[in-house]
Every structure is written in structure tokens, then in C-alpha cells.
file work.txt (compact mmCIF, C-alpha atoms)
# COMPACT_ATOMS: atom_id res chain seq x y z
CA MET C 1 0.00 0.00 0.00
CA ASP C 2 1.61 3.25 -1.00
CA PHE C 3 1.40 6.37 1.05
CA HIS C 4 -0.68 8.19 -1.53
CA SER C 5 -3.51 5.68 -1.41
CA GLU C 6 -3.30 5.57 2.37
CA LYS C 7 -3.54 9.32 2.82
CA PRO C 8 -7.16 9.79 1.70
CA ALA C 9 -8.36 7.21 4.24
CA SER C 10 -6.75 9.20 7.00
CA ILE C 11 -8.38 12.39 5.80
CA GLU C 12 -11.74 10.68 5.65
CA LEU C 13 -11.28 9.42 9.18
CA ASP C 14 -10.92 13.03 10.33
CA LYS C 15 -14.23 13.82 8.67
CA TRP C 16 -15.82 10.88 10.41
CA LEU C 17 -14.51 12.08 13.72
CA ALA C 18 -16.17 15.42 13.08
CA ILE C 19 -19.42 13.60 13.83
CA LYS C 20 -18.25 13.09 17.39
CA ARG C 21 -17.63 16.80 17.85
CA HIS C 22 -21.27 17.50 17.05
CA GLU C 23 -22.65 15.08 19.61
CA GLN C 24 -24.15 17.11 22.44
CA PRO C 25 -26.09 16.19 25.58
CA PRO C 26 -29.72 17.31 25.90
CA PRO C 27 -30.27 21.09 25.96
CA GLY C 28 -29.79 22.59 29.40
CA TYR C 29 -27.98 19.55 30.69
CA PHE C 30 -25.02 21.48 32.01
CA LEU C 31 -27.20 24.09 33.73
CA ASP C 32 -28.08 21.59 36.45
CA PHE C 33 -24.99 19.41 36.38
CA SER C 34 -22.96 21.25 38.98
CA ASP C 35 -26.04 21.59 41.21
CA GLY C 36 -26.35 17.81 41.20
CA VAL C 37 -22.70 17.43 42.14
CA MET C 38 -22.97 19.97 44.97
CA ALA C 39 -26.13 18.32 46.29
CA ARG C 40 -24.39 14.95 46.47
CA ILE C 41 -21.35 16.46 48.17
CA GLN C 42 -23.60 18.19 50.70
CA ALA C 43 -25.54 14.97 51.31
CA GLY C 44 -22.29 13.15 51.94
CA LYS C 45 -21.26 15.78 54.49
CA GLU C 46 -24.62 15.56 56.29
CA ARG C 47 -24.37 11.82 56.37
CA LYS C 48 -21.00 11.94 58.07
CA LYS C 49 -22.43 14.11 60.87
CA VAL C 50 -25.06 11.50 61.75
CA SER C 51 -24.18 8.83 64.31
CA TRP C 52 -23.78 5.29 63.11
CA TRP C 53 -27.01 4.23 64.79
CA ASN C 54 -29.02 6.95 63.12
CA ARG C 55 -27.33 6.16 59.84
CA LEU C 56 -28.42 2.55 60.14
CA TRP C 57 -31.94 3.66 60.91
CA LEU C 58 -31.94 5.99 57.90
CA ASP C 59 -30.77 3.13 55.74
CA PHE C 60 -33.49 0.80 56.93
CA ASN C 61 -36.30 3.27 57.36
CA PRO C 62 -37.45 3.47 53.76
CA LYS C 63 -36.99 -0.27 53.34
CA PRO C 64 -39.67 -2.05 55.39
CA VAL C 65 -39.31 -5.30 53.49
CA LEU C 66 -35.63 -5.43 54.27
CA ILE C 67 -36.06 -4.74 57.94
CA THR C 68 -38.91 -7.27 58.19
CA SER C 69 -36.85 -9.98 56.57
CA TYR C 70 -33.96 -9.24 58.91
CA GLY C 71 -36.32 -9.49 61.87
CA LEU C 72 -37.76 -12.78 60.69
CA THR C 73 -34.32 -14.22 60.09
CA VAL C 74 -33.12 -13.24 63.54
CA SER C 75 -36.29 -14.65 65.13
CA ALA C 76 -35.95 -17.91 63.24
CA LEU C 77 -32.34 -18.26 64.31
CA PHE C 78 -33.31 -17.54 67.90
CA LEU C 79 -36.08 -20.15 67.88
CA PHE C 80 -33.79 -22.68 66.27
CA GLY C 81 -31.20 -22.06 68.92
CA MET C 82 -33.77 -22.49 71.64
CA ALA C 83 -35.03 -25.74 70.13
CA LEU C 84 -31.50 -27.06 69.90
CA ALA C 85 -30.86 -26.16 73.51
CA GLN C 86 -34.11 -27.85 74.50
CA LEU C 87 -33.09 -31.05 72.80
CA ASN C 88 -29.76 -31.08 74.50
CA GLU C 89 -31.31 -30.53 77.88
CA ASP C 90 -33.87 -33.37 77.52
CA PRO C 91 -32.72 -36.20 79.85
CA ASP C 92 -34.06 -38.94 77.60
CA SER C 93 -32.25 -37.66 74.68
CA SER C 94 -29.05 -37.30 76.71
CA THR C 95 -29.23 -40.93 77.81
CA GLN C 96 -29.77 -41.99 74.29
CA ALA C 97 -26.91 -39.86 73.26
CA GLU C 98 -24.76 -41.52 75.88
CA LEU C 99 -25.79 -44.96 74.84
CA ASN C 100 -25.91 -44.34 71.22
CA PRO C 101 -23.36 -46.64 69.69
CA PHE C 102 -23.81 -44.92 66.38
CA GLU C 103 -22.04 -41.90 67.75
CA SER C 104 -19.11 -43.95 68.87
CA GLY C 105 -18.80 -45.26 65.37
CA LEU C 106 -19.20 -48.84 66.40
CA ILE C 107 -22.42 -49.56 64.67
CA THR C 108 -23.74 -48.53 61.35
CA ALA C 109 -27.38 -49.17 60.69
CA THR C 110 -29.43 -49.12 57.58
CA THR C 111 -33.12 -49.49 57.34
CA LEU C 112 -34.70 -52.14 55.24
CA PRO C 113 -38.22 -51.73 54.07
CA GLY C 114 -40.69 -53.08 56.52
CA ASN C 115 -38.57 -52.38 59.59
CA ARG C 116 -39.52 -49.86 62.12
CA LEU C 117 -38.12 -48.34 65.25
CA VAL C 118 -39.73 -49.47 68.49
CA ASP C 119 -39.09 -49.08 72.15
CA SER C 120 -39.78 -52.69 72.95
CA GLY C 121 -37.39 -53.09 75.87
CA ASN C 122 -35.97 -56.13 74.14
CA LEU C 123 -32.66 -56.18 72.53
CA VAL C 124 -33.34 -57.10 68.99
CA ARG C 125 -30.80 -57.20 66.30
CA VAL C 126 -31.43 -57.49 62.62
CA ASP C 127 -29.07 -58.07 59.83
CA THR C 128 -29.09 -54.42 59.10
CA VAL C 129 -27.08 -53.64 62.19
CA ILE C 130 -23.40 -54.04 61.57
CA ARG C 131 -20.85 -54.05 64.33
CA ASN C 132 -17.31 -53.01 63.70
CA PRO C 133 -15.37 -56.06 64.90
CA ASN C 134 -12.19 -54.10 65.30
CA GLN C 135 -13.46 -51.84 67.99
CA GLU C 136 -14.48 -52.70 71.50
CA SER C 137 -17.67 -51.17 72.50
CA SER C 138 -17.44 -48.62 75.21
CA MET C 139 -21.12 -48.59 75.73
CA TYR C 140 -21.61 -51.85 77.62
CA PRO C 141 -20.69 -50.65 81.05
CA VAL C 142 -23.42 -48.06 80.83
CA LEU C 143 -26.03 -50.15 79.18
CA SER C 144 -29.12 -50.51 81.23
CA SER C 145 -31.49 -53.39 80.98
CA SER C 146 -33.58 -51.26 78.73
CA PRO C 147 -32.02 -50.97 75.36
CA PRO C 148 -32.10 -47.75 73.41
CA ALA C 149 -35.17 -47.09 71.42
CA PHE C 150 -33.41 -46.87 68.13
CA PHE C 151 -33.12 -50.59 67.62
CA ILE C 152 -35.07 -51.69 64.68
CA GLU C 153 -37.69 -54.30 65.28
CA SER C 154 -37.10 -57.26 63.12
CA SER C 155 -39.26 -57.99 60.21
CA PRO C 156 -40.94 -61.42 60.12
CA ARG C 157 -37.95 -62.67 58.28
CA LEU C 158 -35.22 -62.75 60.86
CA GLN C 159 -31.82 -63.95 59.99
CA LYS C 160 -29.18 -65.38 62.15
CA ALA C 161 -27.05 -62.65 63.69
CA SER C 162 -23.59 -62.43 62.30
CA PHE C 163 -22.01 -61.26 65.53
CA GLN C 164 -22.01 -62.25 69.15
CA VAL C 165 -23.80 -60.26 71.78
CA LYS C 166 -22.00 -60.30 75.08
CA MET W 1 -0.60 9.40 10.33
CA ALA W 2 -1.44 12.72 12.02
CA SER W 3 -4.62 14.63 11.30
CA THR W 4 -4.50 17.29 8.64
CA PRO W 5 -3.83 20.87 9.74
CA ALA W 6 -7.33 21.95 8.74
CA THR W 7 -9.15 19.38 10.80
CA LYS W 8 -6.70 19.66 13.64
CA ASN W 9 -7.30 23.39 13.89
CA LYS W 10 -11.03 22.83 13.78
CA ALA W 11 -10.79 20.25 16.53
CA GLN W 12 -8.83 22.59 18.71
CA ALA W 13 -11.23 25.43 18.00
CA ASN W 14 -14.22 23.37 18.97
CA SER W 15 -12.60 22.28 22.19
CA LYS W 16 -11.42 24.65 24.88
CA PRO W 17 -7.64 24.31 25.08
CA GLU W 18 -6.10 24.78 28.45
CA THR W 19 -4.03 27.72 27.23
CA VAL W 20 -7.14 29.87 26.93
CA ALA W 21 -7.55 31.74 30.19
CA PRO W 22 -10.84 30.89 31.92
CA GLU W 23 -13.20 33.60 33.01
CA GLY W 24 -13.15 34.56 36.67
CA PRO W 25 -10.54 33.81 39.30
CA PRO W 26 -7.66 31.49 38.40
CA ASP W 27 -7.87 27.83 39.28
CA SER W 28 -5.25 28.17 42.00
CA GLU W 29 -7.32 30.73 43.88
CA LEU W 30 -10.53 28.75 43.59
CA LEU W 31 -8.67 25.64 44.65
CA GLU W 32 -7.30 27.26 47.75
CA ARG W 33 -10.73 28.49 48.75
CA ALA W 34 -12.27 25.09 48.05
CA GLN W 35 -9.63 23.37 50.15
CA GLY W 36 -10.58 25.76 52.92
CA GLY W 37 -14.14 24.41 52.76
CA GLU W 38 -15.78 26.96 50.49
CA LEU W 39 -18.20 24.95 48.41
CA ALA W 40 -19.05 27.86 46.13
CA ALA W 41 -15.44 28.00 44.95
CA TYR W 42 -15.52 24.32 44.09
CA ASP W 43 -18.80 24.86 42.30
CA GLN W 44 -17.05 27.33 40.01
CA LEU W 45 -14.33 24.80 39.28
CA VAL W 46 -16.94 22.21 38.40
CA LYS W 47 -18.73 24.60 36.07
CA ARG W 48 -15.42 25.42 34.41
CA TYR W 49 -14.54 21.85 33.50
CA GLN W 50 -17.82 19.95 33.51
CA GLU W 51 -18.28 20.00 29.74
CA ARG W 52 -14.85 18.71 28.88
CA VAL W 53 -14.86 16.03 31.54
CA TYR W 54 -18.33 14.91 30.52
CA ALA W 55 -17.36 14.90 26.83
CA THR W 56 -14.31 12.72 27.41
CA ILE W 57 -16.27 10.20 29.41
CA TYR W 58 -19.14 10.22 26.91
CA HIS W 59 -16.85 9.57 23.93
CA MET W 60 -15.26 6.73 25.86
CA THR W 61 -18.53 5.06 26.86
CA ALA W 62 -20.89 6.14 24.04
CA ASN W 63 -23.58 6.27 26.70
CA HIS W 64 -25.07 9.51 28.01
CA GLU W 65 -26.43 8.06 31.28
CA ASP W 66 -23.16 6.38 32.18
CA ALA W 67 -21.25 9.50 31.28
CA ASN W 68 -23.52 11.56 33.53
CA ASP W 69 -22.97 9.26 36.51
CA LEU W 70 -19.25 8.95 35.98
CA ALA W 71 -18.77 12.67 35.48
CA GLN W 72 -20.61 13.46 38.71
CA GLU W 73 -18.65 10.82 40.59
CA THR W 74 -15.43 12.25 39.20
CA PHE W 75 -16.08 15.65 40.68
CA ILE W 76 -17.32 14.19 43.94
CA LYS W 77 -14.20 12.10 44.28
CA ALA W 78 -12.06 15.08 43.37
CA TYR W 79 -13.72 17.09 46.13
CA GLN W 80 -13.14 14.33 48.66
CA ALA W 81 -9.49 14.14 47.65
CA LEU W 82 -9.03 17.89 47.48
CA ARG W 83 -6.90 18.10 50.58
CA SER W 84 -4.45 15.60 49.15
CA PHE W 85 -3.97 17.61 45.95
CA LYS W 86 -0.42 18.90 46.15
CA GLY W 87 -0.48 21.19 43.13
CA ASP W 88 2.24 19.36 41.19
CA SER W 89 -0.07 19.37 38.20
CA SER W 90 -2.88 21.67 37.18
CA PHE W 91 -6.32 21.07 38.64
CA PHE W 92 -7.53 20.37 35.11
CA THR W 93 -4.96 17.58 34.60
CA TRP W 94 -5.65 16.15 38.03
CA VAL W 95 -9.43 16.00 37.53
CA TYR W 96 -8.98 14.53 34.09
CA ARG W 97 -6.78 11.83 35.55
CA ILE W 98 -9.52 10.93 38.01
CA ALA W 99 -12.10 10.90 35.22
CA VAL W 100 -9.95 8.72 33.00
CA ASN W 101 -9.19 6.17 35.72
CA LYS W 102 -12.82 5.97 36.77
CA THR W 103 -13.97 5.53 33.20
CA ILE W 104 -11.44 2.86 32.33
CA ASN W 105 -12.29 0.91 35.48
CA PHE W 106 -15.97 1.22 34.65
CA ILE W 107 -15.47 -0.01 31.09
CA LYS W 108 -13.37 -2.94 32.21
CA GLN W 109 -16.02 -4.00 34.69
CA ARG W 110 -18.84 -3.77 32.17
CA ARG W 111 -16.87 -4.98 29.20
CA LYS W 112 -19.51 -7.31 27.85
CA ARG W 113 -22.46 -5.21 28.89
CA LEU W 114 -21.67 -1.91 27.24
CA HIS W 115 -24.53 -0.52 25.24
CA MET W 116 -24.77 2.74 23.38
CA SER W 117 -27.00 5.61 24.32
CA LEU W 118 -25.91 8.27 21.90
CA ASN W 119 -26.40 11.97 22.19
CA ASP W 120 -28.10 13.74 19.33
CA LEU W 121 -26.08 15.71 16.84
CA ASP W 122 -26.42 19.44 17.21
CA PHE W 123 -28.09 21.51 14.52
CA ASN W 124 -24.71 22.57 13.10
CA ALA W 125 -23.88 19.03 12.05
CA GLU W 126 -25.78 19.12 8.78
CA ASN W 127 -24.03 22.34 7.84
CA ASP W 128 -20.57 21.02 8.60
CA PRO W 129 -18.83 20.80 5.23
CA ASP W 130 -16.84 17.77 6.34
CA LEU W 131 -19.99 15.88 7.15
CA VAL W 132 -21.80 17.01 4.06
CA ALA W 133 -18.93 15.74 1.95
CA LEU W 134 -18.86 12.51 3.90
CA ILE W 135 -22.47 11.73 3.22
CA SER W 136 -22.70 12.87 -0.35
CA ASP W 137 -19.41 11.81 -1.86
CA TYR W 138 -17.62 9.21 0.14
CA THR W 139 -20.14 6.58 1.16
CA PRO W 140 -21.09 3.63 -1.02
CA ARG W 141 -24.78 4.21 -0.43
CA ARG W 142 -25.61 7.87 -0.85
CA ASP W 143 -28.85 7.64 1.08
CA VAL W 144 -27.14 6.85 4.35
CA SER W 145 -28.04 9.23 7.16
CA LEU W 146 -25.82 11.03 9.61
CA ASN W 147 -27.35 9.03 12.43
CA GLU W 148 -26.34 5.81 10.78
CA LEU W 149 -22.81 7.03 10.32
CA GLN W 150 -22.82 8.15 13.95
CA GLU W 151 -23.78 4.66 15.10
CA LYS W 152 -21.16 3.04 12.89
CA LEU W 153 -18.47 5.33 14.19
CA ASN W 154 -19.35 4.82 17.86
CA ALA W 155 -19.59 1.06 17.41
CA ALA W 156 -16.17 1.07 15.76
CA MET W 157 -14.70 3.20 18.55
CA LEU W 158 -16.03 0.81 21.15
CA LYS W 159 -14.01 -1.93 19.50
CA LEU W 160 -10.80 -0.09 20.30
CA SER W 161 -9.06 -0.80 23.55
CA GLU W 162 -9.69 1.72 26.31
CA VAL W 163 -6.28 3.34 26.05
CA HIS W 164 -6.44 3.74 22.28
CA ARG W 165 -9.97 5.05 22.43
CA LEU W 166 -8.85 7.54 25.04
CA VAL W 167 -5.96 9.03 23.08
CA LEU W 168 -8.17 9.27 20.01
CA THR W 169 -10.84 11.05 22.06
CA LEU W 170 -8.47 13.46 23.73
CA HIS W 171 -6.49 14.34 20.61
CA ASP W 172 -8.69 13.97 17.55
CA ILE W 173 -12.05 14.80 19.10
CA GLN W 174 -11.20 17.19 21.89
CA GLY W 175 -8.11 18.69 20.31
CA MET W 176 -5.81 18.21 23.24
CA PRO W 177 -2.07 18.44 22.50
CA HIS W 178 0.15 15.39 22.87
CA GLU W 179 1.97 16.89 25.83
CA GLU W 180 -1.18 17.41 27.84
CA ILE W 181 -2.38 13.90 27.03
CA GLY W 182 0.97 12.61 28.23
CA ARG W 183 0.55 14.46 31.54
CA ILE W 184 -2.93 13.02 32.03
CA LEU W 185 -1.91 9.48 31.17
CA GLU W 186 1.47 9.86 32.89
CA CYS W 187 3.40 8.72 29.85
CA ASN W 188 5.71 10.42 27.39
CA THR W 189 4.59 12.07 24.17
CA GLY W 190 6.21 9.32 22.09
CA THR W 191 3.88 6.80 23.67
CA VAL W 192 0.93 9.08 23.04
CA ARG W 193 1.85 9.43 19.37
CA SER W 194 2.33 5.71 18.83
CA ARG W 195 -0.95 4.89 20.55
CA LEU W 196 -2.71 7.51 18.48
CA PHE W 197 -1.23 6.12 15.28
CA TYR W 198 -2.33 2.61 16.13
CA ALA W 199 -5.80 3.80 17.18
CA ARG W 200 -6.36 5.59 13.89
CA GLN W 201 -5.19 2.57 11.92
CA GLN W 202 -7.54 0.32 13.82
CA LEU W 203 -10.47 2.68 13.39
CA GLN W 204 -9.82 2.95 9.68
CA ALA W 205 -9.85 -0.81 9.44
CA TYR W 206 -13.16 -1.04 11.30
CA LEU W 207 -14.71 1.63 9.07
CA SER W 208 -13.12 0.36 5.87
CA ASP W 209 -16.46 -0.47 4.31
CA TYR W 210 -17.38 3.18 4.33
CA LEU W 211 -14.00 4.76 3.76
CA LYS W 212 -12.86 5.35 0.23

call {"tool": "encode", "arguments": {"input": "work.txt", "output": "C-alpha cells"}}
result
Amino acid sequence: MDFHSEKPASIELDKWLAIKRHEQPPPGYFLDFSDGVMARIQAGKERKKVSWWNRLWLDFNPKPVLITSYGLTVSALFLFGMALAQLNEDPDSSTQAELNPFESGLITATTLPGNRLVDSGNLVRVDTVIRNPNQESSMYPVLSSSPPAFFIESSPRLQKASFQVK
Amino acid sequence: MASTPATKNKAQANSKPETVAPEGPPDSELLERAQGGELAAYDQLVKRYQERVYATIYHMTANHEDANDLAQETFIKAYQALRSFKGDSSFFTWVYRIAVNKTINFIKQRRKRLHMSLNDLDFNAENDPDLVALISDYTPRRDVSLNELQEKLNAAMLKLSEVHRLVLTLHDIQGMPHEEIGRILECNTGTVRSRLFYARQQLQAYLSDYLK
């Protein structure tokens, strides 16, 4: 490409760019521009004078949905915490927690269809209860005559236990 | 690949070069009063440079609403940082630097979501001999309108990188000298010239369907 053929394109580009020089914002735009800037600066200054508590209130005040959702969330968390505390304080549940071999990792249970949890008072094992043979149970010394309620009652089809109950 | 003397002079005439003394008190005096807390003095500074700052941002974003927001934020940020202004550059250069950095950051964040909201052409556009010649003689389809050319040009400019678009805006559209552009971008004039050359080449390539 020689310089002579390239030169006209450059000149035409300058003419194109003349379009940009004619682009103008809406009439009267600049009459209010600085007022908008000053108003925002002033608002920023006023905001700094307000205490953090009042600032928070000003933020939330025009947003009732936001403040309601915050309130509901806090209430829900509070109730959940209370329920959790209640569960932990329940003596039955604490005994079960103490006796619960599942927590100690000794026993893993799965539920077969047809089985259900009962508090029969009888120690019943089904083939779904698997004992880890490598670990000694720490629960026996504290076992009462009443077994925990989580044992699954056997279905009519009982199978021979694959472990020994001491 | 510099612009021709005729168009360069026109560009500089349409812009307001820094060498022309502004009306009213000098910047230094207004600055001192503004740093002392006088909001009215800062208001005068804003009024003095609002058009040029807005224009730069608008040509970079091709969106009037974004340019409005960014221009306001530029002056607000400048006010907040007024106490830290040491005076090692002119207030004009310093504000421009803030505007440029804000705009480039904005463009980078919204890279894939930029959309045009173009300002109208003023009533002088149709009487501009350059534009008349452009429409009547140098376009393949002679029924093309100025608005269509305006859209094509802005779309092509948006394809340039931010830095190249900026030097093109400051020099070819706003008529700023290379030295001043170098001060704003904190680079030497050689870099400004090479970026400008590359920007013009790229723009010519993008507009090649319409250029002779």
C-alpha cells in the first residue's frame, strides 16, 4: 500500500470524527450538572455528621421489606437455637446420646423396608445392624437393661445374627 | 498518520484548550478556597470543566447516562481528595486523571455489557462541510443518514481498547495536545503518538467499508 492511497483514508477518518464533535447532551444539561454534584457532596457531608445508629436507621427506614426480613431471620435463628438447647437438655435424649453406639462409630445401621423403630425393651438385632469387629464397644458398662429405642424391630424374616452379643 | 492541519485546527477550535484563560478567578485561587471548605469556589471549578470532563467520558462510553454518573462521581471524588492535591499538576490535569481512571475501570467491569445511548447531533452538524462531503461523496450508499454514520463510528470506537480510544478522544475529538495527554496518562509524548497512530489505523480498518 503506498502512502498516496493511504492518505485519503486518514483524511476521511478526520471527517468521520467530526461527527463526534457535534454530539451534544440534551439542551440545558449542564445548567443543572454542577447543582447535582454539589447536592451529592452536601448529602455526603450531612451523612458523616449522623451517628452510626441513626445512619443505620436511615438506611433501613425506607426499606420495610428489608427490615422485616432481617427481623424474621433473627427470630428464626433464635427459635432454632432455643429448640437445639431444649433437645440437648432433655434427659431422655441425653441418655440416648450416651448410649448411642452410632455416635461412637461402632455400629452402622441401615433401614430395610418393613422395619420400624420401636421401644420394645428387648434387645433385637437385625441383619441391618453391623458391628465393627475391630473396635471394643465402650457402651456396655453403661447399658441398662432397657435398650435404646433406636433398635429396629425385626421384620418377620429374621436372619441369624452375624455377631455375638456379650 | 497525524490529522490534517485543517481538521486539527477545527478540533482545537471546537474544544477549549487549556491555554485559553478561563473567566473569573484562576484555578489556583478557587482551589485554595475550596480546600478551605468553600463549596461555592468548588462549584465554580466544576462549572469550568464539567463540559470537557463529561465529553471525554461520553466519547469513551458512548452512553449519556453512564457519562452523567461517571462525570458526577469524578467531581465528587475530586472534592473528597481535594486536601491531598499537592499542586504538582494543574487542577484540570488532576481531575482529568480521576475521570480517565474511573472511566477505564468502569469499562473494564462492564466490558460485555456496554450498550450505546448516543447523544443527538447538534443543529450545526448538517451544515458542517466535512460531514456534508462525507455523506454525499464518500459513502457507497448515498442515502445513508448522519445518524447511521454516527452509530457506525461509535460502534467502531467501542471496539478499540480503552487506552487507544482515550488518546483518540483526547487528541482527535477534543483537540488536546500530545503533551497534555501525556501528563494526564502519565506517559511520554512518544507513547501518546504511537498509541494515536495505532488507534487511527484500527479505526480505519473497522470503518473500511465506508471509507474510500

call {"tool": "closest_atom_pairs", "arguments": {"input": "work.txt", "of": "chain C", "to": "chain W", "cutoff": "6 Å", "atoms": "all atoms listed in the file", "output": "Markdown table"}}
result
| residue | atom | partner | partner_atom | distance |
| --- | --- | --- | --- | --- |
| C:Lys15 | CA | W:Asp130 | CA | 5.3 |
| C:His22 | CA | W:Leu121 | CA | 5.1 |
| C:Glu23 | CA | W:Leu121 | CA | 4.5 |
| C:Gln24 | CA | W:Asn119 | CA | 5.6 |
| C:Pro25 | CA | W:Asn119 | CA | 5.4 |
| C:Val37 | CA | W:Gln72 | CA | 5.6 |

call {"tool": "atom_distance", "arguments": {"input": "work.txt", "atom1": "CA of Gly24 in chain W", "atom2": "CA of Ala99 in chain W"}}
result
23.7 Å

call {"tool": "atom_distance", "arguments": {"input": "work.txt", "atom1": "CA of Arg40 in chain C", "atom2": "CA of Leu82 in chain W"}}
result
15.7 Å

call {"tool": "closest_residue", "arguments": {"input": "work.txt", "among": "W:Ala41, W:Ser145, W:His171, W:Leu114", "to": "Asp14 in chain C", "atoms": "only C-alpha atoms"}}
result
W:His171

call {"tool": "atom_distance", "arguments": {"input": "work.txt", "atom1": "CA of Val53 in chain W", "atom2": "CA of Asn101 in chain W"}}
result
12.1 Å

call {"tool": "decode", "arguments": {"input": "work.txt", "residues": "range 52-63 of chain W", "atoms": "N, CA and C atoms", "output": "PDB file, in the first residue's frame"}}
result
ATOM      1  N   ARG W  52     -15.954  19.495  29.453  1.00  0.00           N
ATOM      2  CA  ARG W  52     -14.853  18.714  28.883  1.00  0.00           C
ATOM      3  C   ARG W  52     -14.751  17.345  29.540  1.00  0.00           C
ATOM      4  N   VAL W  53     -14.938  17.323  30.847  1.00  0.00           N
ATOM      5  CA  VAL W  53     -14.864  16.026  31.544  1.00  0.00           C
ATOM      6  C   VAL W  53     -15.993  15.122  31.069  1.00  0.00           C
ATOM      7  N   TYR W  54     -17.186  15.696  30.985  1.00  0.00           N
ATOM      8  CA  TYR W  54     -18.331  14.911  30.516  1.00  0.00           C
ATOM      9  C   TYR W  54     -18.065  14.393  29.100  1.00  0.00           C
ATOM     10  N   ALA W  55     -17.568  15.270  28.230  1.00  0.00           N
ATOM     11  CA  ALA W  55     -17.356  14.895  26.825  1.00  0.00           C
ATOM     12  C   ALA W  55     -16.372  13.736  26.712  1.00  0.00           C
ATOM     13  N   THR W  56     -15.297  13.802  27.463  1.00  0.00           N
ATOM     14  CA  THR W  56     -14.306  12.720  27.412  1.00  0.00           C
ATOM     15  C   THR W  56     -14.938  11.402  27.817  1.00  0.00           C
ATOM     16  N   ILE W  57     -15.668  11.432  28.908  1.00  0.00           N
ATOM     17  CA  ILE W  57     -16.274  10.198  29.410  1.00  0.00           C
ATOM     18  C   ILE W  57     -17.333   9.694  28.422  1.00  0.00           C
ATOM     19  N   TYR W  58     -18.106  10.621  27.869  1.00  0.00           N
ATOM     20  CA  TYR W  58     -19.144  10.219  26.913  1.00  0.00           C
ATOM     21  C   TYR W  58     -18.523   9.557  25.677  1.00  0.00           C
ATOM     22  N   HIS W  59     -17.476  10.147  25.139  1.00  0.00           N
ATOM     23  CA  HIS W  59     -16.855   9.571  23.931  1.00  0.00           C
ATOM     24  C   HIS W  59     -16.224   8.222  24.241  1.00  0.00           C
ATOM     25  N   MET W  60     -15.837   8.023  25.483  1.00  0.00           N
ATOM     26  CA  MET W  60     -15.261   6.728  25.860  1.00  0.00           C
ATOM     27  C   MET W  60     -16.334   5.657  26.020  1.00  0.00           C
ATOM     28  N   THR W  61     -17.501   6.049  26.539  1.00  0.00           N
ATOM     29  CA  THR W  61     -18.533   5.060  26.860  1.00  0.00           C
ATOM     30  C   THR W  61     -19.650   4.986  25.821  1.00  0.00           C
ATOM     31  N   ALA W  62     -19.795   6.046  25.017  1.00  0.00           N
ATOM     32  CA  ALA W  62     -20.888   6.141  24.038  1.00  0.00           C
ATOM     33  C   ALA W  62     -22.244   5.960  24.704  1.00  0.00           C
ATOM     34  N   ASN W  63     -22.337   6.423  25.953  1.00  0.00           N
ATOM     35  CA  ASN W  63     -23.582   6.269  26.700  1.00  0.00           C
ATOM     36  C   ASN W  63     -23.778   7.512  27.566  1.00  0.00           C
TER      37      ASN W  63
END
